[in-house]
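**Student:** Take a look at this one; I'll ask things after.
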Amino acid sequence: MTERIPCTREGCSATILPTTAEKTGGYCMPCKQEMKRQERQLYIDKHRRDVNLYEGIADPVEILKIMHTNLEYDPMIRYTPYKQNKEQLYMSLSAEDAGKMLDYAVNLLVSGDEDTSKDILLSLVCYKNISLSAWIPELISRELYYPGILFKDASEEVRNQLMDQVEYDNDNRNHLLSALVWIGDEQVVQRLHEWRKSSPEWVGNLNISPDLYTYEAGWELTEEGERHNLFYGYSYAIEKVEKAEESVHGASESVILLTESSHTCLWCGGKLTTLLDIGVSHPFFEFLSLAGERLKVETCVICGCYGTVYMDVDLNGETKWSTYNKRPDYLPDINHDDYDDQYLSASKSFRIASQPRSVYHAAEWTLEPTVSQVGGHPSWIQDAEYPACPCCSKRMTFISQLDWGEIEKHGEGIYYMFLCPNSMITATLFQQS
Ligand SMILES: [Zn+2]
Ligand SMILES: [Zn+2]
Ligand SMILES: [Zn+2]
């Protein structure tokens, strides 16, 4: 048997055959490869060029066009990032510039770059709430029916066309229904109600019945066959600030995030957390139509990842663990030593924006918008999921969401908060990718 000899690289305990050593200069193969990789990295670091594609460009439209261009990866080039991200640039666009981006997106669509075009259209719809009405026929002619939110401002003519098409177009029915619930006008509501009363044959091929698509667009079809919105018509971002700072618009007391509650979680025995504490009498929150002082939304941030946590609340800021809470079967045994309360220190790092933003600003999670907000349409990571009020059985209204990725260093996912204003019950649920 040939005697094996040790790899000569410091710290390596592998042994190799003398024939290998001859080929590699005394190193084992993994070491040899690692050394080659390091050598290459050194070469790249030394010779890599910085390229600033934005140099000398001030026009936000031109900057956005560059941002939407797919750059071929080249290890020898390091691209200088722009000082603002897409979201900030879109928000800063004037109406005229937004129109230019729309034209650009339509040109891309015509030239066949559907993906980039859709990204721009989505950004314009969400961040600027721009109507695509005039361009929806262009999408349809290319059989592009998704995401449904692009269709929300469709004309009556297009709506009728889609309602006809959904009856026979087996291939696109799923997306057509999404588009229709986003249009969500009286005719669509009426048609969904008819389908619920008497199911068309094709319903059997769907995963869910047509009237359940509505949650995706933030509303439900009531038993009486009416549209009931599940989100509020205003949205205020909850912005992260670099340093804890004085509120610039006297709203600091109007929203308090992430404080420890005096109540206990009946599932794990830990302390509950007040995710959100809002002064509902502040002029910002008139849209909530809640006559009172404060509303608190509490949850157990540990157990809340596994199931819906309901709380009885009033408008004086009182909360109580709801007797409707049902311990999830799949709740693991929780050892509190495994968790810290780092998230409580994030409390002072946020403030409510001074101006409302588009209600649909965060509706498309994949655009990577600023997610945390009060009001507005939720950013679903998974399927839309509005909890039913355990008291009156109606779907609860979305009231706020917090991006856990901004709150904890290695955090991820979103906490969603809901309210049934009739029963005065709040609910939280959590989603992650
Ligand atoms: Zn080695
Ligand atoms: Zn708990
Ligand atoms: Zn209720």
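Letters A, B, ... go to the chains of the structure tokens in the order shown; residues in each chain start at 1; ligands are counted from 1 in the same order.
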Would you name the residues within 12 Å of ligand 2, counting only C-alpha atoms and all ligand atoms, and put them as a PyMOL selection string?

**Tutor:** chain A and resi 263-273+298-309+321+325-328+331-336+339

**Student:** Counting only C-alpha atoms and all ligand atoms, give me one row per residue of chain A with an atom at most 12 Å from an atom of ligand 1, showing the shortest contact pair and its distance in Å to one decimal, sorted by chain then residue number, as a Markdown table.

**Tutor:**
| residue | atom | partner | partner_atom_place_in_ligand_line | distance |
| --- | --- | --- | --- | --- |
| A:Ile5 | CA | ligand 1 | 1 (Zn) | 10.8 |
| A:Pro6 | CA | ligand 1 | 1 (Zn) | 7.9 |
| A:Cys7 | CA | ligand 1 | 1 (Zn) | 4.7 |
| A:Thr8 | CA | ligand 1 | 1 (Zn) | 6.7 |
| A:Arg9 | CA | ligand 1 | 1 (Zn) | 5.5 |
| A:Glu10 | CA | ligand 1 | 1 (Zn) | 7.9 |
| A:Gly11 | CA | ligand 1 | 1 (Zn) | 7.9 |
| A:Cys12 | CA | ligand 1 | 1 (Zn) | 4.6 |
| A:Ser13 | CA | ligand 1 | 1 (Zn) | 6.5 |
| A:Ala14 | CA | ligand 1 | 1 (Zn) | 5.4 |
| A:Thr15 | CA | ligand 1 | 1 (Zn) | 7.5 |
| A:Ile16 | CA | ligand 1 | 1 (Zn) | 8.5 |
| A:Leu17 | CA | ligand 1 | 1 (Zn) | 12.0 |
| A:Thr20 | CA | ligand 1 | 1 (Zn) | 11.4 |
| A:Ala21 | CA | ligand 1 | 1 (Zn) | 10.4 |
| A:Thr24 | CA | ligand 1 | 1 (Zn) | 10.4 |
| A:Gly25 | CA | ligand 1 | 1 (Zn) | 11.1 |
| A:Gly26 | CA | ligand 1 | 1 (Zn) | 8.6 |
| A:Tyr27 | CA | ligand 1 | 1 (Zn) | 5.3 |
| A:Cys28 | CA | ligand 1 | 1 (Zn) | 4.2 |
| A:Met29 | CA | ligand 1 | 1 (Zn) | 6.8 |
| A:Pro30 | CA | ligand 1 | 1 (Zn) | 6.1 |
| A:Cys31 | CA | ligand 1 | 1 (Zn) | 4.4 |
| A:Lys32 | CA | ligand 1 | 1 (Zn) | 7.2 |
| A:Gln33 | CA | ligand 1 | 1 (Zn) | 9.6 |
| A:Glu34 | CA | ligand 1 | 1 (Zn) | 9.2 |
| A:Met35 | CA | ligand 1 | 1 (Zn) | 9.9 |

**Student:** Which residue is closest to Met76 in chain A? Choose from A:Glu226, A:Asp45, A:Glu216, A:Asp97 and count only C-alpha atoms.

**Tutor:**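 When distances to Met76 in chain A are compared using only C-alpha atoms, the smallest one comes from A:Asp45.
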
**Student:** Ligand 3: which residues are within 10 Å, counting only C-alpha atoms and all ligand atoms? Reply as a PDB file with N, CA and C atoms, in the first residue's frame.

**Tutor:**
ATOM      1  N   ALA A 388     -61.171  35.858   9.500  1.00  0.00           N
ATOM      2  CA  ALA A 388     -62.580  36.096   9.795  1.00  0.00           C
ATOM      3  C   ALA A 388     -62.685  36.534  11.252  1.00  0.00           C
ATOM      4  N   CYS A 389     -63.538  37.502  11.515  1.00  0.00           N
ATOM      5  CA  CYS A 389     -63.747  37.916  12.895  1.00  0.00           C
ATOM      6  C   CYS A 389     -64.418  36.758  13.637  1.00  0.00           C
ATOM      7  N   PRO A 390     -63.818  36.315  14.755  1.00  0.00           N
ATOM      8  CA  PRO A 390     -64.370  35.154  15.454  1.00  0.00           C
ATOM      9  C   PRO A 390     -65.717  35.465  16.114  1.00  0.00           C
ATOM     10  N   CYS A 391     -66.027  36.766  16.217  1.00  0.00           N
ATOM     11  CA  CYS A 391     -67.270  37.150  16.881  1.00  0.00           C
ATOM     12  C   CYS A 391     -68.417  37.271  15.881  1.00  0.00           C
ATOM     13  N   CYS A 392     -68.228  38.073  14.836  1.00  0.00           N
ATOM     14  CA  CYS A 392     -69.335  38.301  13.892  1.00  0.00           C
ATOM     15  C   CYS A 392     -69.151  37.565  12.568  1.00  0.00           C
ATOM     16  N   SER A 393     -68.045  36.844  12.415  1.00  0.00           N
ATOM     17  CA  SER A 393     -67.740  36.038  11.222  1.00  0.00           C
ATOM     18  C   SER A 393     -67.428  36.830   9.961  1.00  0.00           C
ATOM     19  N   LYS A 394     -67.539  38.159  10.035  1.00  0.00           N
ATOM     20  CA  LYS A 394     -67.173  38.963   8.854  1.00  0.00           C
ATOM     21  C   LYS A 394     -65.651  39.002   8.720  1.00  0.00           C
ATOM     22  N   ARG A 395     -65.183  39.186   7.490  1.00  0.00           N
ATOM     23  CA  ARG A 395     -63.740  39.332   7.296  1.00  0.00           C
ATOM     24  C   ARG A 395     -63.273  40.618   7.948  1.00  0.00           C
ATOM     25  N   MET A 396     -62.100  40.573   8.552  1.00  0.00           N
ATOM     26  CA  MET A 396     -61.588  41.739   9.260  1.00  0.00           C
ATOM     27  C   MET A 396     -60.859  42.671   8.290  1.00  0.00           C
ATOM     28  N   THR A 397     -60.817  43.951   8.648  1.00  0.00           N
ATOM     29  CA  THR A 397     -60.208  44.958   7.779  1.00  0.00           C
ATOM     30  C   THR A 397     -58.729  45.110   8.110  1.00  0.00           C
ATOM     31  N   LEU A 419     -58.559  44.638  12.015  1.00  0.00           N
ATOM     32  CA  LEU A 419     -59.524  45.110  13.010  1.00  0.00           C
ATOM     33  C   LEU A 419     -60.936  44.791  12.541  1.00  0.00           C
ATOM     34  N   CYS A 420     -61.761  44.315  13.473  1.00  0.00           N
ATOM     35  CA  CYS A 420     -63.196  44.310  13.213  1.00  0.00           C
ATOM     36  C   CYS A 420     -63.766  45.453  14.045  1.00  0.00           C
ATOM     37  N   PRO A 421     -64.119  46.581  13.398  1.00  0.00           N
ATOM     38  CA  PRO A 421     -64.569  47.744  14.172  1.00  0.00           C
ATOM     39  C   PRO A 421     -65.924  47.507  14.844  1.00  0.00           C
ATOM     40  N   ASN A 422     -66.687  46.551  14.354  1.00  0.00           N
ATOM     41  CA  ASN A 422     -67.985  46.268  14.981  1.00  0.00           C
ATOM     42  C   ASN A 422     -67.833  45.481  16.266  1.00  0.00           C
ATOM     43  N   SER A 423     -66.980  44.464  16.228  1.00  0.00           N
ATOM     44  CA  SER A 423     -66.800  43.628  17.416  1.00  0.00           C
ATOM     45  C   SER A 423     -65.671  44.138  18.305  1.00  0.00           C
ATOM     46  N   MET A 424     -64.904  45.125  17.816  1.00  0.00           N
ATOM     47  CA  MET A 424     -63.707  45.625  18.513  1.00  0.00           C
ATOM     48  C   MET A 424     -62.776  44.467  18.899  1.00  0.00           C
ATOM     49  N   ILE A 425     -62.370  43.762  17.854  1.00  0.00           N
ATOM     50  CA  ILE A 425     -61.384  42.698  17.996  1.00  0.00           C
ATOM     51  C   ILE A 425     -60.280  42.967  16.984  1.00  0.00           C
ATOM     52  N   THR A 426     -59.010  42.815  17.417  1.00  0.00           N
ATOM     53  CA  THR A 426     -57.900  42.912  16.469  1.00  0.00           C
ATOM     54  C   THR A 426     -57.360  41.512  16.215  1.00  0.00           C
TER      55      THR A 426
END

**Student:** Within 8 Å of Gly225 in chain A, counting only C-alpha atoms, which residues qualify if same-chain residues fewer than 3 places away don't, as a list in words?

**Tutor:**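 Listing them by chain and then by number gives Val189, Gln190, His193, Leu221 and Thr222 of chain A.
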
**Student:** For those residues, write C-alpha atoms to a file as a PDB file, in the first residue's frame.

**Tutor:**
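Full text of selection24.pdb as output:
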ATOM      1  CA  VAL A 189     -69.614  42.156  -8.379  1.00  0.00           C
ATOM      2  CA  GLN A 190     -72.942  41.191  -9.878  1.00  0.00           C
ATOM      3  CA  HIS A 193     -72.703  36.861  -7.243  1.00  0.00           C
ATOM      4  CA  LEU A 221     -68.364  39.529  -1.814  1.00  0.00           C
ATOM      5  CA  THR A 222     -70.840  39.682   1.059  1.00  0.00           C
TER       6      THR A 222
END

**Student:** Enumerate as a PyMOL selection string all residues of range 120-324 of chain A assigned to helix (DSSP H, G or I) by DSSP on the backbone, naming them with the chain letters and numbers the document uses.

**Tutor:** chain A and resi 120-128+133-141+148-151+156-168+173-183+186-197+201-205+210-217+283-288+303-305

**Student:** For Ser349 in chain A, which residue out of A:Val158, A:Leu288, A:Leu230, A:Ile407 is the nearest one, using only C-alpha atoms?

**Tutor:**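 When distances to Ser349 in chain A are compared using only C-alpha atoms, the smallest one comes from A:Ile407.
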
**Student:** I need the residue nearest Trp365 in chain A from this list: A:Gln342, A:Gln165, A:Thr214, A:Ser379. Use only C-alpha atoms for the distance.

**Tutor:**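 Nearest to Trp365 in chain A: A:Ser379.
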
**Student:** Identify, on the basis of only C-alpha atoms, every residue whose closest approach to Ala363 in chain A does not exceed 12 Å; exclude the query and any residue fewer than 4 positions from it along the same chain; express the result as a PyMOL selection string.

**Tutor:** chain A and resi 122-127+129+147-150+182+216-218+231+235+357-359+367-373+375-381+384+401

**Student:** Have a look at CA of Ser92 in chain A and CA of Tyr145 in chain A and let me know their distance in Å, one decimal.

**Tutor:**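 It comes out at 28.4 Å.
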
**Student:** How many Å separate CA of Ile77 in chain A from CA of Asp50 in chain A?

**Tutor:**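 So the answer is 6.0 Å.
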
**Student:** Which residues come within 10 Å of Leu212 in chain A, counting only C-alpha atoms, excluding same-chain residues fewer than 4 positions away, as a ChimeraX atom specification?

**Tutor:** /A:177,181,192,196,208,216,219-221

**Student:** Would you kindly return, as a ChimeraX atom specification, each protein, DNA or RNA residue with an atom no farther than 6 Å from any atom of range 132-144 of chain A, considering only C-alpha atoms and excluding same-chain residues fewer than 2 positions away?

**Tutor:** /A:146,153-154

**Student:** Would you save the residues from that selection as a PDB file, in the first residue's frame, using N, CA and C atoms?

**Tutor:**
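What landed in selection_25.pdb:
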ATOM      1  N   TYR A 146     -51.625  39.267 -16.273  1.00  0.00           N
ATOM      2  CA  TYR A 146     -51.146  39.162 -14.911  1.00  0.00           C
ATOM      3  C   TYR A 146     -49.955  40.083 -14.713  1.00  0.00           C
ATOM      4  N   ASP A 153     -57.946  49.727 -13.576  1.00  0.00           N
ATOM      5  CA  ASP A 153     -58.650  50.877 -14.147  1.00  0.00           C
ATOM      6  C   ASP A 153     -59.155  50.616 -15.568  1.00  0.00           C
ATOM      7  N   ALA A 154     -59.403  49.358 -15.866  1.00  0.00           N
ATOM      8  CA  ALA A 154     -59.851  48.991 -17.221  1.00  0.00           C
ATOM      9  C   ALA A 154     -61.164  49.679 -17.570  1.00  0.00           C
TER      10      ALA A 154
END

**Student:** Give me, please, the distance in Å between CA of Pro81 in chain A and CA of Ile57 in chain A, quoted to one decimal.

**Tutor:**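 Rounded to one decimal, the two atoms are 13.3 Å apart.
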
**Student:** Could you give me, as a list in words, each residue of range 26-175 of chain A that DSSP assigns to strand (DSSP E or B) when run on this structure's backbone?

**Tutor:**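 Those in range 26-175 of chain A that DSSP calls strand (DSSP E or B) are Arg49, Asp50, Val51, Ile77, Arg78 and Tyr79 of chain A.
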
**Student:** Emit the selected residues as a PDB file, in the first residue's frame, including C-alpha atoms.

**Tutor:**
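Writing the result to result.pdb gives the following:
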ATOM      1  CA  ARG A  49     -13.034  48.898 -12.761  1.00  0.00           C
ATOM      2  CA  ASP A  50     -15.677  51.047 -11.110  1.00  0.00           C
ATOM      3  CA  VAL A  51     -18.342  52.052 -13.584  1.00  0.00           C
ATOM      4  CA  ILE A  77     -16.803  45.650 -13.406  1.00  0.00           C
ATOM      5  CA  ARG A  78     -18.196  47.071 -10.210  1.00  0.00           C
ATOM      6  CA  TYR A  79     -21.248  49.222 -10.850  1.00  0.00           C
TER       7      TYR A  79
END

**Student:** Env of range 410-414 of chain A: 6 Å cut, atoms = only C-alpha atoms, seq-sep filter 2 positions within chain, self excluded. Answer as a CSV table (one decimal) with C-alpha atoms, in the first residue's frame.

**Tutor:**
chain,number,residue,atom,x,y,z
A,402,LEU,CA,-44.7,45.8,9.9
A,403,ASP,CA,-41.7,44.6,7.9
A,404,TRP,CA,-39.8,42.4,10.3
A,405,GLY,CA,-36.8,42.6,8.1
A,408,GLU,CA,-34.5,42.7,13.6
A,430,PHE,CA,-47.5,36.6,9.8
A,431,GLN,CA,-46.2,35.6,6.4
A,432,GLN,CA,-42.7,35.0,5.1
